[in-house]
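S.K.: I have a structure here, written as structure tokens, and I will follow up with some questions on it.
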Amino acid sequence: ITVTNKTDHGGDVRLTGISKTYGSFTAVHPLDLTVPQGSFFALLGASGCGKTTTLRMIAGLEEPSSGTVFLGDQEVTHLPPYKRPVNTVFQSYALFPHLDIFENVAFGLRRRGIKSVKKQVEDMLDLVQLGEQARKKPHQLSGGQQQRVAVARALINHPKVLLLDEPLGALDLKLRRQMQLELKRIQTEVGITFVHVTHDQEEAMTMADTVAVMNAGRVEQLGSPTDLYENPQTTFVANFLGTSNLIEAEVDSKTNGDIVLKAGGAGKLVLPEARCSAPTTTGGRVLVGVRPEKISLTHADEAGEIPEGRNRITGRIADSSFIGVSTQYVIDSPVCPEFEVYAQNIDRDARLVPGAEVVLHWNPAHTFGLDAAQS
Ligand code: ATP
């Protein structure tokens with residue numbers, strides 16, 4: 001197995017102004033996107049957002065309506081799929097049922113007239129940890145194992161880019177999780193570019209170095225999983241990747257890189273200016289966001305013990321459910337009707353039950369700001 005050199009740029013994927021229209025419907029708006037050689041890149045979005053169409057334009061299975069596709073230095077926009085240095089793994093992995101696993105993987109080599117395939121196929125089966133299964137037929141393997149055969153079959157042709165279209169979609173949750181780690185390991189080992197399409201945010205976050213969140217034919221935000229989670233730039237991204245609590249507020253003043261906002265009944269909230277994607281002129285409307293697990297909950301009687309410098313809002317517990325690692329609370333508050341808080345079960349306060357008056361508080365560094373006018 002050739003491990004691709006990270007300094008080789010043959011596996012860069014570069015899309016410039018690529019778009020796809022069907023009649024008057026635009027499935028993908030003109031898009032510029034660069035995927036560097038050797039990265040694990042995910043196209044993430046809800047059904048119909050254009051992620052598969054984008055992938056198919058890279059593969060050559062769909063002719064773009066405008067724009068160009070480059071793989072490395074080579075323009076491939078009008079090349080048929082088989083002339084591109086890419087291979088695609090689909091959700092329906094369509095193995096040849098009458099051939100054993102070895103022959104399924106050897107197929108691409110044999111078709112190219114290569115006679116001595118043994119070593120290459122064995123190495124590839126070892127890579128996907130199916131060395132022992134070589135002489136079995138596809139129906140004798142589990143779904144996850146069959147999917148690994150499909151990956152091996154695609155990799156044996158030494159593509160510079162592997163495209164994966166919801167490859168784990170048919171697997172149950174547990175197997176899906178195992179395969180996510182497995183695919184990540186394989187990608188790290190072979191070092192080629194993987195472009196992975198999924199609607200599952202957890203899957204994209206687990207596997208990819210870079211995620212492009214797509215919405216209605218556009219890339220809404222591009223970044224590392226942590227960046228997208230901690231600094232969402234739009235309400236769509238904030239809500240698509242996990243849960244976020246959003247509070248409407250108005251810019252009041254600025255001090256030392258922080259924005260101070262007025263949030264109705266909540267009083268003042270502080271937001272680092274660097275974490276705000278909205279205009280920050282005084283009087284501007286900002287949606288102040290905070291993730292549920294960043295919030296602490298204190299009974300109103302003990303509000304005096306909350307350290308200075310934390311953002312705080314008052315509320316009343318509407319609901320709570322114990323889910324083992326944490327307790328999830330829904331809080332009624334004047335600024336956010338269904339504020340969600342996930343509290344770890346340390347120092348559980350027996351008084352934190354529905355009806356209790358509480359103060360929610362968090363470190364301002366965990367606050368992000370979105371443009372209220374865009375939402
Ligand atoms: P899914 O996860 O459901 O596959 P997706 O994000 O991959 O969704 P695409 O398959 O890229 O979405 O489709 C984007 C939009 O383009 C959809 O609204 C779809 O109905 C439309 N579309 C796709 N192919 C065609 C076609 N051949 N003719 C007309 N419309 C199409």
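Identifiers in this document derive from the order of the structure tokens: chains are assigned A, B, ..., residues are numbered from 1 separately in each chain, and ligands are numbered from 1 in order of occurrence.
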Which residues are near ligand 1 - at most 12 Å, using only C-alpha atoms and all ligand atoms? Format: as a PyMOL selection string.

M.R.: chain A and resi 19-29+43-57+61-64+90-91+164-167+169+196-200+213-219

S.K.: Please write the residues from the selection above to a file, keeping C-alpha atoms, as a PDB file, in the first residue's frame.

M.R.:
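The file below, again08.pdb, is the result:
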```
ATOM      1  CA  SER A  19     -22.841  25.048  -9.790  1.00  0.00           C
ATOM      2  CA  LYS A  20     -25.687  22.771 -10.807  1.00  0.00           C
ATOM      3  CA  THR A  21     -29.124  23.712 -12.009  1.00  0.00           C
ATOM      4  CA  TYR A  22     -31.975  21.448 -13.049  1.00  0.00           C
ATOM      5  CA  GLY A  23     -34.278  23.555 -15.206  1.00  0.00           C
ATOM      6  CA  SER A  24     -35.122  26.561 -13.064  1.00  0.00           C
ATOM      7  CA  PHE A  25     -34.073  24.843  -9.820  1.00  0.00           C
ATOM      8  CA  THR A  26     -30.578  25.484  -8.469  1.00  0.00           C
ATOM      9  CA  ALA A  27     -29.315  22.454  -6.559  1.00  0.00           C
ATOM     10  CA  VAL A  28     -25.832  23.948  -5.995  1.00  0.00           C
ATOM     11  CA  HIS A  29     -25.141  27.680  -6.172  1.00  0.00           C
ATOM     12  CA  LEU A  43     -19.891  17.726   3.262  1.00  0.00           C
ATOM     13  CA  LEU A  44     -22.609  17.924   5.910  1.00  0.00           C
ATOM     14  CA  GLY A  45     -26.216  18.959   5.518  1.00  0.00           C
ATOM     15  CA  ALA A  46     -29.847  17.960   5.590  1.00  0.00           C
ATOM     16  CA  SER A  47     -31.477  15.994   2.809  1.00  0.00           C
ATOM     17  CA  GLY A  48     -31.669  17.963  -0.437  1.00  0.00           C
ATOM     18  CA  CYS A  49     -29.028  20.584   0.412  1.00  0.00           C
ATOM     19  CA  GLY A  50     -26.858  19.681  -2.587  1.00  0.00           C
ATOM     20  CA  LYS A  51     -24.078  17.668  -0.949  1.00  0.00           C
ATOM     21  CA  THR A  52     -24.465  14.571  -3.127  1.00  0.00           C
ATOM     22  CA  THR A  53     -24.660  16.698  -6.264  1.00  0.00           C
ATOM     23  CA  THR A  54     -21.401  18.393  -5.261  1.00  0.00           C
ATOM     24  CA  LEU A  55     -19.733  15.028  -4.682  1.00  0.00           C
ATOM     25  CA  ARG A  56     -21.011  13.692  -8.005  1.00  0.00           C
ATOM     26  CA  MET A  57     -19.527  16.698  -9.815  1.00  0.00           C
ATOM     27  CA  LEU A  61     -21.022  11.529 -12.481  1.00  0.00           C
ATOM     28  CA  GLU A  62     -22.749  14.888 -12.885  1.00  0.00           C
ATOM     29  CA  GLU A  63     -21.875  17.588 -15.410  1.00  0.00           C
ATOM     30  CA  PRO A  64     -21.609  21.005 -13.704  1.00  0.00           C
ATOM     31  CA  PHE A  90     -21.721   4.443  -2.196  1.00  0.00           C
ATOM     32  CA  GLN A  91     -24.186   3.541   0.518  1.00  0.00           C
ATOM     33  CA  LEU A 164     -17.796   8.499   0.101  1.00  0.00           C
ATOM     34  CA  ASP A 165     -21.517   9.064  -0.355  1.00  0.00           C
ATOM     35  CA  GLU A 166     -23.308   8.243   2.921  1.00  0.00           C
ATOM     36  CA  PRO A 167     -21.294   5.023   3.084  1.00  0.00           C
ATOM     37  CA  GLY A 169     -26.150   5.068   6.021  1.00  0.00           C
ATOM     38  CA  HIS A 196     -17.338  12.212   2.789  1.00  0.00           C
ATOM     39  CA  VAL A 197     -21.010  13.116   2.393  1.00  0.00           C
ATOM     40  CA  THR A 198     -23.268  12.754   5.422  1.00  0.00           C
ATOM     41  CA  HIS A 199     -26.375  14.249   6.997  1.00  0.00           C
ATOM     42  CA  ASP A 200     -25.200  13.117  10.443  1.00  0.00           C
ATOM     43  CA  VAL A 213     -21.974  22.731   6.390  1.00  0.00           C
ATOM     44  CA  MET A 214     -24.337  23.026   3.424  1.00  0.00           C
ATOM     45  CA  ASN A 215     -27.779  24.565   3.401  1.00  0.00           C
ATOM     46  CA  ALA A 216     -30.020  25.072   0.378  1.00  0.00           C
ATOM     47  CA  GLY A 217     -27.249  24.632  -2.189  1.00  0.00           C
ATOM     48  CA  ARG A 218     -24.670  26.794  -0.436  1.00  0.00           C
ATOM     49  CA  VAL A 219     -21.805  26.234   1.976  1.00  0.00           C
TER      50      VAL A 219
END
```

S.K.: I'd like the neighbourhood of Tyr82 of chain A as a PyMOL selection string, where a residue qualifies if any of its atoms comes within 12 Å (using only C-alpha atoms), though same-chain residues fewer than 2 positions away should be ignored.

M.R.: chain A and resi 58-61+76+78-80+84-88+108+112+157+159

S.K.: Kindly save the residues from that selection, with C-alpha atoms included, as a CSV table (one decimal), in the first residue's frame.

M.R.:
```csv
chain,number,residue,atom,x,y,z
A,58,ILE,CA,-16.1,15.8,-8.3
A,59,ALA,CA,-16.6,12.2,-9.4
A,60,GLY,CA,-17.6,13.1,-12.9
A,61,LEU,CA,-21.0,11.5,-12.5
A,76,VAL,CA,-11.0,17.3,-15.0
A,78,HIS,CA,-15.2,17.4,-18.6
A,79,LEU,CA,-13.4,14.1,-18.1
A,80,PRO,CA,-15.5,11.0,-17.6
A,84,ARG,CA,-10.3,10.8,-13.1
A,85,PRO,CA,-8.0,9.8,-10.2
A,86,VAL,CA,-10.9,9.3,-7.9
A,87,ASN,CA,-13.1,6.4,-6.8
A,88,THR,CA,-16.5,6.5,-5.1
A,108,GLY,CA,-10.2,-3.5,-10.5
A,112,ARG,CA,-6.7,-3.4,-15.9
A,157,ASN,CA,-7.0,1.4,-7.7
A,159,PRO,CA,-7.1,6.9,-6.3
```

S.K.: Using only C-alpha atoms, which residues sit within 6 Å of Gly11 of chain A once same-chain residues fewer than 5 positions away are excluded, as a PDB file with C-alpha atoms, in the first residue's frame?

M.R.:
```
ATOM      1  CA  GLN A  37      -4.313  16.727  -0.193  1.00  0.00           C
ATOM      2  CA  GLY A  72      -4.218  18.517  -8.241  1.00  0.00           C
ATOM      3  CA  LYS A 160      -5.794  10.226  -5.242  1.00  0.00           C
ATOM      4  CA  VAL A 161      -9.184  11.046  -3.811  1.00  0.00           C
ATOM      5  CA  THR A 193      -7.900  12.780   0.439  1.00  0.00           C
TER       6      THR A 193
END
```

S.K.: Considering only C-alpha atoms, can you say which of A:Val13, A:Ala106, A:Val288, A:Met205 comes closest to Ala154 of chain A?

M.R.: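 Counting only C-alpha atoms, the residue closest to Ala154 of chain A is A:Ala106.
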
S.K.: Applying 8 Å and only C-alpha atoms, which residues near Leu287 of chain A remain after dropping the ones on its own chain fewer than 6 positions away? List them as an MDAnalysis selection string.

M.R.: chainID A and resid 246:249 369:372

S.K.: May I have the selected residues written with N, CA and C atoms, as a CSV table (one decimal), in the first residue's frame?

M.R.:
```
chain,number,residue,atom,x,y,z
A,246,LEU,N,-30.3,30.6,22.3
A,246,LEU,CA,-30.1,31.9,21.7
A,246,LEU,C,-31.0,32.9,22.4
A,247,ILE,N,-30.3,34.0,22.8
A,247,ILE,CA,-31.0,35.1,23.5
A,247,ILE,C,-30.9,36.4,22.7
A,248,GLU,N,-32.1,37.0,22.5
A,248,GLU,CA,-32.0,38.3,21.7
A,248,GLU,C,-31.5,39.4,22.6
A,249,ALA,N,-30.5,40.1,22.1
A,249,ALA,CA,-29.9,41.2,22.9
A,249,ALA,C,-29.5,42.4,22.0
A,369,GLY,N,-21.8,35.2,19.3
A,369,GLY,CA,-22.8,36.2,18.9
A,369,GLY,C,-23.2,36.0,17.4
A,370,LEU,N,-24.5,36.0,17.1
A,370,LEU,CA,-24.9,35.8,15.7
A,370,LEU,C,-25.7,37.1,15.3
A,371,ASP,N,-25.8,37.3,14.0
A,371,ASP,CA,-26.5,38.4,13.5
A,371,ASP,C,-28.0,38.2,13.5
A,372,ALA,N,-28.7,38.9,14.4
A,372,ALA,CA,-30.2,38.7,14.5
A,372,ALA,C,-30.9,39.0,13.3
```

S.K.: Fewer than 6 positions away in the same chain doesn't count, so skip those; otherwise give me all residues within 8 Å of Val237 of chain A, counting only C-alpha atoms, as a PyMOL selection string.

M.R.: chain A and resi 213+220-221+228

S.K.: Store the residues picked out above in a file with N, CA and C atoms, as an mmCIF file, in the first residue's frame.

M.R.:
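And here is the file that came out, part_27.cif:
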```
data_model
loop_
_atom_site.group_PDB
_atom_site.id
_atom_site.type_symbol
_atom_site.label_atom_id
_atom_site.label_comp_id
_atom_site.auth_asym_id
_atom_site.auth_seq_id
_atom_site.Cartn_x
_atom_site.Cartn_y
_atom_site.Cartn_z
ATOM 1 N N VAL A 213 -20.552 22.882 6.086
ATOM 2 C CA VAL A 213 -21.974 22.731 6.390
ATOM 3 C C VAL A 213 -22.758 23.347 5.246
ATOM 4 N N GLU A 220 -22.629 27.046 4.070
ATOM 5 C CA GLU A 220 -22.957 28.069 5.056
ATOM 6 C C GLU A 220 -21.748 28.406 5.923
ATOM 7 N N GLN A 221 -20.961 27.388 6.234
ATOM 8 C CA GLN A 221 -19.747 27.628 7.020
ATOM 9 C C GLN A 221 -18.797 26.453 6.837
ATOM 10 N N LEU A 228 -16.516 24.980 14.247
ATOM 11 C CA LEU A 228 -17.938 25.100 13.892
ATOM 12 C C LEU A 228 -18.815 25.046 15.135
#
```

S.K.: Contacts of Leu95 of chain A at 10 Å or less, counting only C-alpha atoms, minus same-chain residues fewer than 3 places along, as JSON, numbers by chain?

M.R.: {"A": [92, 98, 99, 100, 101, 104, 105, 137, 138, 139, 146, 147, 149, 150, 153]}
